[in-house]
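Printed here is query26.cif (mmCIF, C-alpha atoms (C1' of nucleotides)):
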data_structure
#
loop_
_atom_site.label_atom_id
_atom_site.label_comp_id
_atom_site.auth_asym_id
_atom_site.auth_seq_id
_atom_site.Cartn_x
_atom_site.Cartn_y
_atom_site.Cartn_z
CA MET Z 1 1.35 18.07 -3.81
CA PRO Z 2 -2.33 17.69 -2.97
CA PRO Z 3 -3.60 14.17 -3.59
CA SER Z 4 -7.00 15.49 -4.55
CA SER Z 5 -6.93 15.31 -8.35
CA PRO Z 6 -6.72 11.76 -9.65
CA THR Z 7 -4.95 11.57 -13.00
CA THR Z 8 -5.65 8.31 -14.77
CA SER Z 9 -8.96 8.22 -12.92
CA ALA Z 10 -12.21 7.23 -14.52
CA VAL Z 11 -14.37 6.63 -11.45
CA ALA Z 12 -13.73 7.96 -7.95
CA PRO Z 13 -16.42 7.72 -5.26
CA ALA Z 14 -15.80 10.13 -2.40
CA SER Z 15 -15.76 7.30 0.12
CA ALA Z 16 -12.83 5.67 -1.64
CA GLN Z 17 -10.41 8.54 -1.09
CA GLN Z 18 -7.48 7.45 1.04
CA ASP Z 19 -5.60 10.71 1.02
CA ARG Z 20 -3.11 9.79 3.70
CA VAL Z 21 -2.84 6.54 5.57
CA ASP Z 22 -2.46 6.97 9.31
CA ASP Z 23 -4.25 5.00 12.01
CA GLY Z 24 -2.84 7.08 14.84
CA VAL Z 25 -0.53 4.20 15.59
CA GLY Z 26 2.47 5.78 13.93
CA ARG Z 27 4.60 5.12 16.98
CA PHE Z 28 4.66 1.46 15.94
CA GLN Z 29 6.30 2.17 12.58
CA GLN Z 30 9.79 1.88 14.04
CA THR Z 31 9.30 -1.60 15.48
CA PRO Z 32 11.16 -4.50 13.85
CA LEU Z 33 7.91 -6.08 12.65
CA ALA Z 34 6.92 -2.92 10.82
CA GLN Z 35 10.15 -3.11 8.80
CA GLU Z 36 9.65 -6.68 7.57
CA VAL Z 37 8.81 -6.97 3.90
CA ALA Z 38 6.36 -9.75 4.71
CA PHE Z 39 4.46 -7.45 7.04
CA LEU Z 40 4.51 -4.59 4.55
CA THR Z 41 3.23 -6.72 1.67
CA ALA Z 42 0.49 -8.14 3.87
CA ARG Z 43 -0.57 -4.63 4.80
CA ALA Z 44 -0.42 -3.44 1.21
CA ARG Z 45 -2.51 -6.38 0.13
CA VAL Z 46 -5.19 -5.80 2.79
CA ARG Z 47 -5.44 -2.13 1.91
CA GLY Z 48 -5.35 -2.68 -1.83
CA ASN Z 49 -7.89 -5.47 -1.69
CA ALA Z 50 -10.34 -3.44 0.35
CA LEU Z 51 -10.10 -0.49 -1.99
CA ALA Z 52 -10.44 -2.59 -5.13
CA ASN Z 53 -13.44 -4.46 -3.70
CA GLU Z 54 -15.06 -1.13 -2.90
CA LEU Z 55 -14.53 0.22 -6.39
CA LEU Z 56 -15.75 -3.04 -7.97
CA SER Z 57 -18.85 -3.32 -5.80
CA ASP Z 58 -21.20 -1.50 -8.19
CA LEU Z 59 -20.35 -4.13 -10.82
CA ASP Z 60 -21.21 -6.88 -8.32
CA LEU Z 61 -17.63 -8.10 -8.53
CA LYS Z 62 -14.86 -8.73 -6.03
CA VAL Z 63 -11.15 -9.06 -6.58
CA ARG Z 64 -11.10 -12.82 -6.89
CA PRO Z 65 -13.85 -13.30 -9.47
CA PHE Z 66 -12.36 -10.32 -11.28
CA ALA Z 67 -9.05 -12.15 -11.51
CA VAL Z 68 -10.75 -15.22 -12.96
CA LEU Z 69 -12.62 -13.07 -15.48
CA ALA Z 70 -9.40 -11.29 -16.39
CA MET Z 71 -7.69 -14.59 -17.16
CA ALA Z 72 -10.66 -15.75 -19.23
CA CYS Z 73 -10.37 -12.50 -21.21
CA SER Z 74 -6.61 -12.72 -21.64
CA GLY Z 75 -6.62 -14.79 -24.80
CA THR Z 76 -4.45 -17.45 -23.16
CA ASN Z 77 -7.30 -19.98 -22.90
CA PRO Z 78 -6.40 -21.35 -19.46
CA SER Z 79 -7.77 -24.62 -18.16
CA GLN Z 80 -9.29 -24.59 -14.71
CA ARG Z 81 -6.23 -26.28 -13.24
CA GLU Z 82 -3.83 -23.81 -14.84
CA LEU Z 83 -5.92 -20.95 -13.57
CA GLY Z 84 -5.90 -22.37 -10.04
CA ASP Z 85 -2.13 -22.80 -10.14
CA PHE Z 86 -1.56 -19.27 -11.33
CA LEU Z 87 -4.00 -17.57 -8.96
CA ASP Z 88 -3.12 -19.71 -5.92
CA LEU Z 89 -6.62 -21.15 -5.80
CA ASP Z 90 -7.76 -24.61 -4.83
CA PRO Z 91 -9.42 -26.65 -7.62
CA SER Z 92 -12.64 -26.60 -5.61
CA GLN Z 93 -12.50 -22.84 -5.26
CA VAL Z 94 -12.04 -22.54 -9.00
CA VAL Z 95 -15.17 -24.61 -9.54
CA ALA Z 96 -17.23 -22.34 -7.30
CA LEU Z 97 -15.90 -19.14 -8.86
CA VAL Z 98 -16.35 -20.38 -12.43
CA ASP Z 99 -19.86 -21.66 -11.64
CA ARG Z 100 -21.01 -18.22 -10.59
CA LEU Z 101 -19.38 -16.42 -13.50
CA GLU Z 102 -20.78 -18.94 -15.97
CA GLU Z 103 -24.31 -18.59 -14.53
CA ARG Z 104 -23.86 -14.88 -14.94
CA GLY Z 105 -23.07 -15.43 -18.60
CA VAL Z 106 -19.66 -13.79 -18.66
CA LEU Z 107 -17.54 -16.85 -19.34
CA GLN Z 108 -17.84 -20.39 -20.66
CA ARG Z 109 -16.31 -23.79 -20.04
CA GLU Z 110 -15.27 -25.41 -23.29
CA PRO Z 111 -13.96 -28.96 -23.59
CA ASP Z 112 -10.31 -29.19 -24.55
CA PRO Z 113 -10.27 -31.27 -27.75
CA ARG Z 114 -6.78 -32.55 -26.91
CA ASP Z 115 -7.72 -33.71 -23.40
CA ARG Z 116 -11.37 -34.13 -22.72
CA ARG Z 117 -10.83 -34.13 -18.97
CA SER Z 118 -9.89 -30.49 -18.87
CA LYS Z 119 -12.04 -27.46 -19.54
CA ILE Z 120 -10.86 -24.30 -21.21
CA LEU Z 121 -12.16 -20.99 -19.92
CA THR Z 122 -13.11 -18.29 -22.40
CA ALA Z 123 -15.02 -15.05 -21.99
CA THR Z 124 -18.30 -14.21 -23.67
CA GLU Z 125 -18.92 -10.86 -25.32
CA ALA Z 126 -20.75 -9.78 -22.15
CA GLY Z 127 -17.74 -10.93 -20.18
CA ARG Z 128 -15.36 -8.80 -22.21
CA GLU Z 129 -17.59 -5.78 -21.68
CA LEU Z 130 -17.77 -6.40 -17.95
CA TYR Z 131 -14.01 -6.87 -17.83
CA ALA Z 132 -13.42 -3.58 -19.59
CA GLN Z 133 -15.48 -1.74 -16.99
CA ALA Z 134 -13.91 -3.64 -14.11
CA ALA Z 135 -10.37 -3.04 -15.34
CA GLU Z 136 -11.07 0.70 -15.19
CA ARG Z 137 -11.93 0.29 -11.51
CA THR Z 138 -8.88 -1.77 -10.64
CA HIS Z 139 -6.62 0.66 -12.47
CA GLU Z 140 -8.17 3.46 -10.46
CA ALA Z 141 -7.57 1.47 -7.27
CA GLU Z 142 -3.95 0.96 -8.26
CA ALA Z 143 -3.55 4.66 -9.03
CA GLN Z 144 -4.86 5.55 -5.57
CA THR Z 145 -2.75 2.92 -3.84
CA LEU Z 146 0.41 4.16 -5.57
CA GLN Z 147 -0.36 7.86 -5.41
CA GLY Z 148 2.60 8.46 -3.10
CA LEU Z 149 5.05 7.19 -5.73
CA THR Z 150 6.45 8.81 -8.83
CA PRO Z 151 5.87 7.00 -12.15
CA ALA Z 152 9.48 5.80 -12.07
CA GLU Z 153 9.02 4.47 -8.55
CA ARG Z 154 5.86 2.67 -9.59
CA ASP Z 155 7.73 0.87 -12.35
CA GLN Z 156 10.55 0.05 -9.93
CA LEU Z 157 8.10 -1.44 -7.46
CA ARG Z 158 6.44 -3.50 -10.17
CA GLU Z 159 9.77 -4.83 -11.42
CA LEU Z 160 10.98 -5.72 -7.94
CA LEU Z 161 7.75 -7.55 -7.15
CA ILE Z 162 7.93 -9.44 -10.44
CA LYS Z 163 11.44 -10.58 -9.55
CA ILE Z 164 10.44 -12.06 -6.20
CA VAL Z 165 7.13 -13.48 -7.33
CA TYR Z 166 8.01 -15.40 -10.50
CA MET K 1 23.96 -16.62 -10.43
CA PRO K 2 22.67 -19.87 -8.92
CA PRO K 3 20.02 -19.28 -6.27
CA SER K 4 21.16 -22.30 -4.26
CA SER K 5 23.26 -20.83 -1.43
CA PRO K 6 21.31 -18.86 1.18
CA THR K 7 23.40 -16.12 2.72
CA THR K 8 21.95 -14.71 5.94
CA SER K 9 20.44 -18.13 6.65
CA ALA K 10 20.19 -19.49 10.18
CA VAL K 11 17.69 -22.31 9.72
CA ALA K 12 16.81 -23.92 6.40
CA PRO K 13 14.76 -27.14 6.26
CA ALA K 14 15.13 -28.87 2.90
CA SER K 15 11.38 -28.73 2.30
CA ALA K 16 11.41 -24.95 2.56
CA GLN K 17 13.76 -24.36 -0.37
CA GLN K 18 12.02 -22.37 -3.09
CA ASP K 19 14.96 -22.06 -5.43
CA ARG K 20 13.00 -20.83 -8.41
CA VAL K 21 9.32 -20.10 -8.58
CA ASP K 22 7.63 -21.49 -11.67
CA ASP K 23 4.29 -23.23 -11.80
CA GLY K 24 4.54 -24.12 -15.46
CA VAL K 25 2.08 -21.34 -16.12
CA GLY K 26 4.69 -18.85 -17.26
CA ARG K 27 2.71 -18.12 -20.38
CA PHE K 28 0.31 -16.13 -18.17
CA GLN K 29 2.99 -13.71 -17.00
CA GLN K 30 2.39 -11.34 -19.89
CA THR K 31 -1.33 -10.90 -19.23
CA PRO K 32 -2.55 -7.53 -17.92
CA LEU K 33 -3.57 -9.04 -14.60
CA ALA K 34 -0.09 -10.39 -14.00
CA GLN K 35 1.30 -6.85 -14.29
CA GLU K 36 -0.97 -5.30 -11.68
CA VAL K 37 0.75 -4.35 -8.44
CA ALA K 38 -2.30 -5.55 -6.51
CA PHE K 39 -1.97 -8.98 -8.05
CA LEU K 40 1.76 -9.09 -7.45
CA THR K 41 1.49 -8.10 -3.80
CA ALA K 42 -1.27 -10.65 -3.26
CA ARG K 43 0.93 -13.34 -4.76
CA ALA K 44 3.95 -12.24 -2.75
CA ARG K 45 1.88 -12.31 0.40
CA VAL K 46 0.51 -15.81 -0.23
CA ARG K 47 3.99 -17.17 -0.96
CA GLY K 48 5.64 -15.34 1.92
CA ASN K 49 2.96 -16.32 4.38
CA ALA K 50 3.15 -19.98 3.46
CA LEU K 51 6.91 -20.05 3.81
CA ALA K 52 6.91 -18.18 7.11
CA ASN K 53 4.21 -20.44 8.53
CA GLU K 54 6.24 -23.45 7.51
CA LEU K 55 9.40 -22.16 9.17
CA LEU K 56 7.47 -21.18 12.32
CA SER K 57 5.62 -24.48 12.62
CA ASP K 58 8.16 -26.16 14.91
CA LEU K 59 7.61 -23.32 17.40
CA ASP K 60 3.85 -23.90 17.21
CA LEU K 61 3.42 -20.38 15.84
CA LYS K 62 1.88 -18.91 12.75
CA VAL K 63 2.38 -15.51 11.18
CA ARG K 64 -0.51 -13.79 12.92
CA PRO K 65 0.21 -14.79 16.52
CA PHE K 66 3.86 -14.06 15.76
CA ALA K 67 2.93 -10.52 14.80
CA VAL K 68 1.03 -10.06 18.06
CA LEU K 69 3.95 -11.44 20.05
CA ALA K 70 6.35 -9.17 18.16
CA MET K 71 4.31 -6.12 19.09
CA ALA K 72 4.15 -7.21 22.72
CA CYS K 73 7.96 -7.51 22.65
CA SER K 74 8.50 -4.18 20.94
CA GLY K 75 8.60 -2.04 24.05
CA THR K 76 5.80 0.15 22.74
CA ASN K 77 3.20 -1.26 25.18
CA PRO K 78 0.26 -1.36 22.77
CA SER K 79 -3.31 -1.67 23.94
CA GLN K 80 -5.45 -4.31 22.30
CA ARG K 81 -7.27 -1.72 20.24
CA GLU K 82 -4.05 -0.12 19.03
CA LEU K 83 -2.70 -3.51 18.11
CA GLY K 84 -5.83 -4.33 16.16
CA ASP K 85 -5.65 -1.04 14.28
CA PHE K 86 -2.02 -1.56 13.37
CA LEU K 87 -2.29 -5.20 12.34
CA ASP K 88 -5.65 -4.84 10.54
CA LEU K 89 -7.35 -7.17 13.00
CA ASP K 90 -10.86 -7.07 14.38
CA PRO K 91 -11.14 -6.43 18.14
CA SER K 92 -12.66 -9.89 18.51
CA GLN K 93 -9.78 -11.48 16.64
CA VAL K 94 -7.35 -9.70 18.94
CA VAL K 95 -9.15 -11.19 21.94
CA ALA K 96 -8.83 -14.72 20.56
CA LEU K 97 -5.16 -14.31 19.64
CA VAL K 98 -4.23 -12.72 22.95
CA ASP K 99 -6.16 -15.38 24.87
CA ARG K 100 -4.10 -18.16 23.36
CA LEU K 101 -0.78 -16.39 23.82
CA GLU K 102 -1.60 -15.49 27.39
CA GLU K 103 -2.60 -19.11 28.21
CA ARG K 104 0.71 -20.10 26.74
CA GLY K 105 2.44 -17.75 29.14
CA VAL K 106 4.26 -15.61 26.58
CA LEU K 107 2.42 -12.35 27.13
CA GLN K 108 0.24 -10.59 29.69
CA ARG K 109 -2.67 -8.21 29.77
CA GLU K 110 -2.02 -5.36 32.20
CA PRO K 111 -4.57 -2.71 33.13
CA ASP K 112 -3.71 0.76 31.84
CA PRO K 113 -3.56 2.97 34.95
CA ARG K 114 -4.63 5.98 32.86
CA ASP K 115 -7.67 4.26 31.35
CA ARG K 116 -8.90 1.20 33.14
CA ARG K 117 -10.97 0.11 30.16
CA SER K 118 -7.95 -0.68 28.06
CA LYS K 119 -5.39 -3.39 28.51
CA ILE K 120 -1.72 -3.06 27.75
CA LEU K 121 0.08 -6.02 26.21
CA THR K 122 3.56 -6.90 27.42
CA ALA K 123 5.71 -9.96 26.87
CA THR K 124 6.92 -12.30 29.59
CA GLU K 125 10.52 -13.50 29.75
CA ALA K 126 9.38 -16.73 28.07
CA GLY K 127 7.71 -14.59 25.43
CA ARG K 128 10.89 -12.71 24.65
CA GLU K 129 12.78 -15.99 24.30
CA LEU K 130 10.13 -17.39 21.98
CA TYR K 131 10.16 -14.18 19.97
CA ALA K 132 13.93 -14.33 19.55
CA GLN K 133 13.68 -17.82 18.09
CA ALA K 134 10.70 -16.94 15.93
CA ALA K 135 12.35 -13.80 14.56
CA GLU K 136 15.22 -15.97 13.31
CA ARG K 137 12.68 -17.98 11.33
CA THR K 138 10.91 -14.99 9.84
CA HIS K 139 14.20 -13.40 8.87
CA GLU K 140 15.17 -16.64 7.17
CA ALA K 141 11.82 -16.62 5.36
CA GLU K 142 12.42 -13.06 4.23
CA ALA K 143 15.91 -13.94 3.04
CA GLN K 144 14.54 -16.78 0.94
CA THR K 145 11.68 -14.67 -0.42
CA LEU K 146 14.07 -11.91 -1.46
CA GLN K 147 16.91 -14.12 -2.66
CA GLY K 148 16.50 -12.92 -6.23
CA LEU K 149 17.23 -9.33 -5.22
CA THR K 150 20.50 -7.60 -4.44
CA PRO K 151 20.84 -5.98 -1.00
CA ALA K 152 20.27 -2.57 -2.58
CA GLU K 153 17.15 -3.80 -4.30
CA ARG K 154 15.84 -5.24 -1.03
CA ASP K 155 16.19 -1.85 0.63
CA GLN K 156 14.52 -0.19 -2.36
CA LEU K 157 11.59 -2.58 -2.14
CA ARG K 158 11.21 -1.98 1.57
CA GLU K 159 11.27 1.80 1.14
CA LEU K 160 8.72 1.73 -1.68
CA LEU K 161 6.37 -0.47 0.31
CA ILE K 162 6.71 1.79 3.33
CA LYS K 163 5.74 4.76 1.18
CA ILE K 164 2.53 3.20 -0.04
CA VAL K 165 1.55 1.55 3.21
CA TYR K 166 1.89 4.34 5.77
"C1'" DT O 1 -23.11 9.36 25.23
"C1'" DA O 2 -18.87 7.14 23.53
"C1'" DT O 3 -15.21 3.69 23.91
"C1'" DT O 4 -12.52 -0.79 25.38
"C1'" DG O 5 -12.70 -5.22 25.66
"C1'" DT O 6 -15.57 -9.26 25.54
"C1'" DT O 7 -18.84 -12.79 23.89
"C1'" DA O 8 -21.74 -15.01 20.64
"C1'" DT O 9 -22.79 -15.71 16.09
"C1'" DA O 10 -22.74 -15.97 11.28
"C1'" DC O 11 -20.45 -15.57 7.12
"C1'" DT O 12 -16.67 -16.19 3.92
"C1'" DC O 13 -12.61 -18.23 2.62
"C1'" DT O 14 -9.65 -22.12 2.39
"C1'" DA O 15 -8.26 -26.96 2.77
"C1'" DT O 16 -9.26 -32.09 2.57
"C1'" DA O 17 -10.89 -36.21 0.98
"C1'" DA O 18 -13.69 -38.97 -1.98
"C1'" DC O 19 -15.87 -39.57 -6.43
"C1'" DT O 20 -16.23 -39.51 -12.05
"C1'" DA O 21 -14.46 -39.39 -16.34
"C1'" DT O 22 -10.88 -39.46 -18.87
"C1'" DA O 23 -5.83 -40.39 -19.87
"C1'" DT V 1 -1.98 -45.74 -12.21
"C1'" DA V 2 -2.44 -40.81 -12.56
"C1'" DT V 3 -4.88 -36.44 -13.56
"C1'" DA V 4 -8.98 -32.75 -14.32
"C1'" DG V 5 -12.85 -31.51 -12.53
"C1'" DT V 6 -16.54 -32.04 -9.17
"C1'" DT V 7 -18.85 -32.52 -4.71
"C1'" DA V 8 -19.34 -32.50 0.20
"C1'" DT V 9 -17.58 -31.14 4.34
"C1'" DA V 10 -15.00 -29.20 7.82
"C1'" DG V 11 -11.82 -25.90 9.43
"C1'" DA V 12 -9.80 -21.38 9.64
"C1'" DG V 13 -10.30 -16.74 9.10
"C1'" DT V 14 -13.22 -12.61 9.16
"C1'" DA V 15 -17.10 -9.60 10.16
"C1'" DT V 16 -21.31 -8.12 12.97
"C1'" DA V 17 -23.97 -7.04 16.75
"C1'" DA V 18 -24.89 -6.87 21.62
"C1'" DC V 19 -23.17 -6.44 26.30
"C1'" DA V 20 -20.38 -4.84 30.72
"C1'" DA V 21 -17.19 -1.72 32.56
"C1'" DT V 22 -15.29 2.61 32.24
"C1'" DA V 23 -14.67 7.21 30.44
#

structure tokens encoding of this file:
Amino acid sequence: MPPSSPTTSAVAPASAQQDRVDDGVGRFQQTPLAQEVAFLTARARVRGNALANELLSDLDLKVRPFAVLAMACSGTNPSQRELGDFLDLDPSQVVALVDRLEERGVLQREPDPRDRRSKILTATEAGRELYAQAAERTHEAEAQTLQGLTPAERDQLRELLIKIVY
Amino acid sequence: MPPSSPTTSAVAPASAQQDRVDDGVGRFQQTPLAQEVAFLTARARVRGNALANELLSDLDLKVRPFAVLAMACSGTNPSQRELGDFLDLDPSQVVALVDRLEERGVLQREPDPRDRRSKILTATEAGRELYAQAAERTHEAEAQTLQGLTPAERDQLRELLIKIVY
DNA sequence: TATTGTTATACTCTATAACTATA
DNA sequence: TATAGTTATAGAGTATAACAATA
């Protein structure tokens, strides 16, 4: 099956095609390291991150600010601390990320009436529009990353990852 | 099934137990972001990396130098460039990592007789001993990371990751 | 002319500690 | 006394460009 016709695709720059992954170092694939799940997830994450950043670049977004925006758009009204816990981000990193997104007008800090120390993150209308566009890109990135798997295998992978990660 | 008794365990410091992962932000698990494979692999990688680094710390190793050492011990005689390609490392990062490991006496740079520009990495006897100890730790880390999965599921996960990563 | 390894450099990401305002 | 957010700062990790030796 030729990997040339993306299915769920909305946007697909030519440069982002990763038809088959092979660095010419295939002789290393049988080493013990190359069989470790930790190594494989690290590699998947590097590849996936790079592709997603590339597809998000025309929106002036990267994966991390996208994740913050996504949480602000989720309807769960996270505080900055909750968001940091969930995304494995330092409180100071959260501040920097939220600063930039707030300046850009895509999200807001709102005081939590029940605890005035904490600030609730919510998206603006512009933020929801940006998120909609960005989510298209990340879904495209995921489709490309998982193109070697059947739909059933994709669900399997997702379920297995959810089990080890939560 | 209680997740309290590690099975394949060799070494298990009390501080490294991660019996159940829950940040108290479980209400975010139903958001779209939390279902993305890219997000899940990123999270798995952060968690796995932290645990592996912790278990390797008494050997004065971290995940990245461990990976370099593992390749030097693999019998595949990689050049620095090949190693960088395979491990997603910049040539300059490879230099820094190899420098430290060579000073430590666990690996060597040897000139490639067929191309005197490139340098082949091989482990010393001390390097192989260090690797043996370190591999115990990383296997323990993997066992803890995957403790929520059955053996069959672990193999499934590995096979799925291999498909998307190579 | 291109490539391997090296060096120097800058940039980004991440981690730490101290401060403020609230609790 | 403890916690949420902020600030400043430093450290680690990553990326870039230029160079020497070799192909």

Q. Any idea what the distance is between CA of Thr76 in chain Z and CA of Phe28 in chain K?
A.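 Between CA of Thr76 in chain Z and CA of Phe28 in chain K the gap works out to 7.0 Å.
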
Q.
Selection in question (the file shown): the PyMOL selection byres ((chain K and resi 158) around 8). Which residues does it include, as a VMD selection string?
A. (chain Z and resid 35 to 37 40) or (chain K and resid 154 to 157 159 to 162)

I would like the residues chosen by the PyMOL selection byres ((chain K and resi 30) around 12) on the shown file; could you give them as a compact mmCIF listing (two decimals) with C-alpha atoms, keeping the file's coordinate frame?
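Resulting contents of result-v7.txt:
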# COMPACT_ATOMS: atom_id res chain seq x y z
CA MET Z 71 -7.69 -14.59 -17.16
CA SER Z 74 -6.61 -12.72 -21.64
CA GLY Z 75 -6.62 -14.79 -24.80
CA THR Z 76 -4.45 -17.45 -23.16
CA ILE Z 162 7.93 -9.44 -10.44
CA TYR Z 166 8.01 -15.40 -10.50
CA VAL K 25 2.08 -21.34 -16.12
CA GLY K 26 4.69 -18.85 -17.26
CA ARG K 27 2.71 -18.12 -20.38
CA PHE K 28 0.31 -16.13 -18.17
CA GLN K 29 2.99 -13.71 -17.00
CA THR K 31 -1.33 -10.90 -19.23
CA PRO K 32 -2.55 -7.53 -17.92
CA LEU K 33 -3.57 -9.04 -14.60
CA ALA K 34 -0.09 -10.39 -14.00
CA GLN K 35 1.30 -6.85 -14.29
CA GLU K 36 -0.97 -5.30 -11.68

Q) Mind pulling up the distance from CA of Leu83 in chain K to CA of Asn49 in chain Z? A)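 CA of Leu83 in chain K lies 20.6 Å from CA of Asn49 in chain Z.
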
Q.
Could you list, as a ChimeraX atom specification, every residue matched by the PyMOL selection byres ((chain V) within 9 of (chain Z)) in this structure?
A. /V:3-7

Q.
Can you measure C1' of DA21 in chain V to CA of Glu110 in chain K for me? One decimal in Å is fine.
A.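 CA of Glu110 in chain K lies at a distance of 15.6 Å from C1' of DA21 in chain V.
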
Write out as JSON lines the residues of chain O that have any atom within 9 Å of an atom of chain K, one row each with the nearest atom pair and its distance in Å to one decimal, counting all atoms listed in the file, sorted by chain and then rising number.
{"residue": "O:DT3", "atom": "C1'", "partner": "K:Arg117", "partner_atom": "CA", "distance": 8.4}
{"residue": "O:DT4", "atom": "C1'", "partner": "K:Arg117", "partner_atom": "CA", "distance": 5.1}
{"residue": "O:DG5", "atom": "C1'", "partner": "K:Ser118", "partner_atom": "CA", "distance": 7.0}
{"residue": "O:DT6", "atom": "C1'", "partner": "K:Val95", "partner_atom": "CA", "distance": 7.6}
{"residue": "O:DT7", "atom": "C1'", "partner": "K:Ser92", "partner_atom": "CA", "distance": 8.7}

Kindly export the residues of the current selection with C-alpha atoms (C1' of nucleotides), as an mmCIF file, keeping the file's coordinate frame.
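This is the output file selection.cif:
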data_model
loop_
_atom_site.group_PDB
_atom_site.id
_atom_site.type_symbol
_atom_site.label_atom_id
_atom_site.label_comp_id
_atom_site.auth_asym_id
_atom_site.auth_seq_id
_atom_site.Cartn_x
_atom_site.Cartn_y
_atom_site.Cartn_z
ATOM 1 C "C1'" DT O 3 -15.210 3.690 23.910
ATOM 2 C "C1'" DT O 4 -12.520 -0.790 25.380
ATOM 3 C "C1'" DG O 5 -12.700 -5.220 25.660
ATOM 4 C "C1'" DT O 6 -15.570 -9.260 25.540
ATOM 5 C "C1'" DT O 7 -18.840 -12.790 23.890
#

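Counting all atoms listed in the file, the residue from Z:Ile164, Z:Leu69, Z:Ala152, Z:Leu59 that sits nearest to chain K is Z:Ile164.
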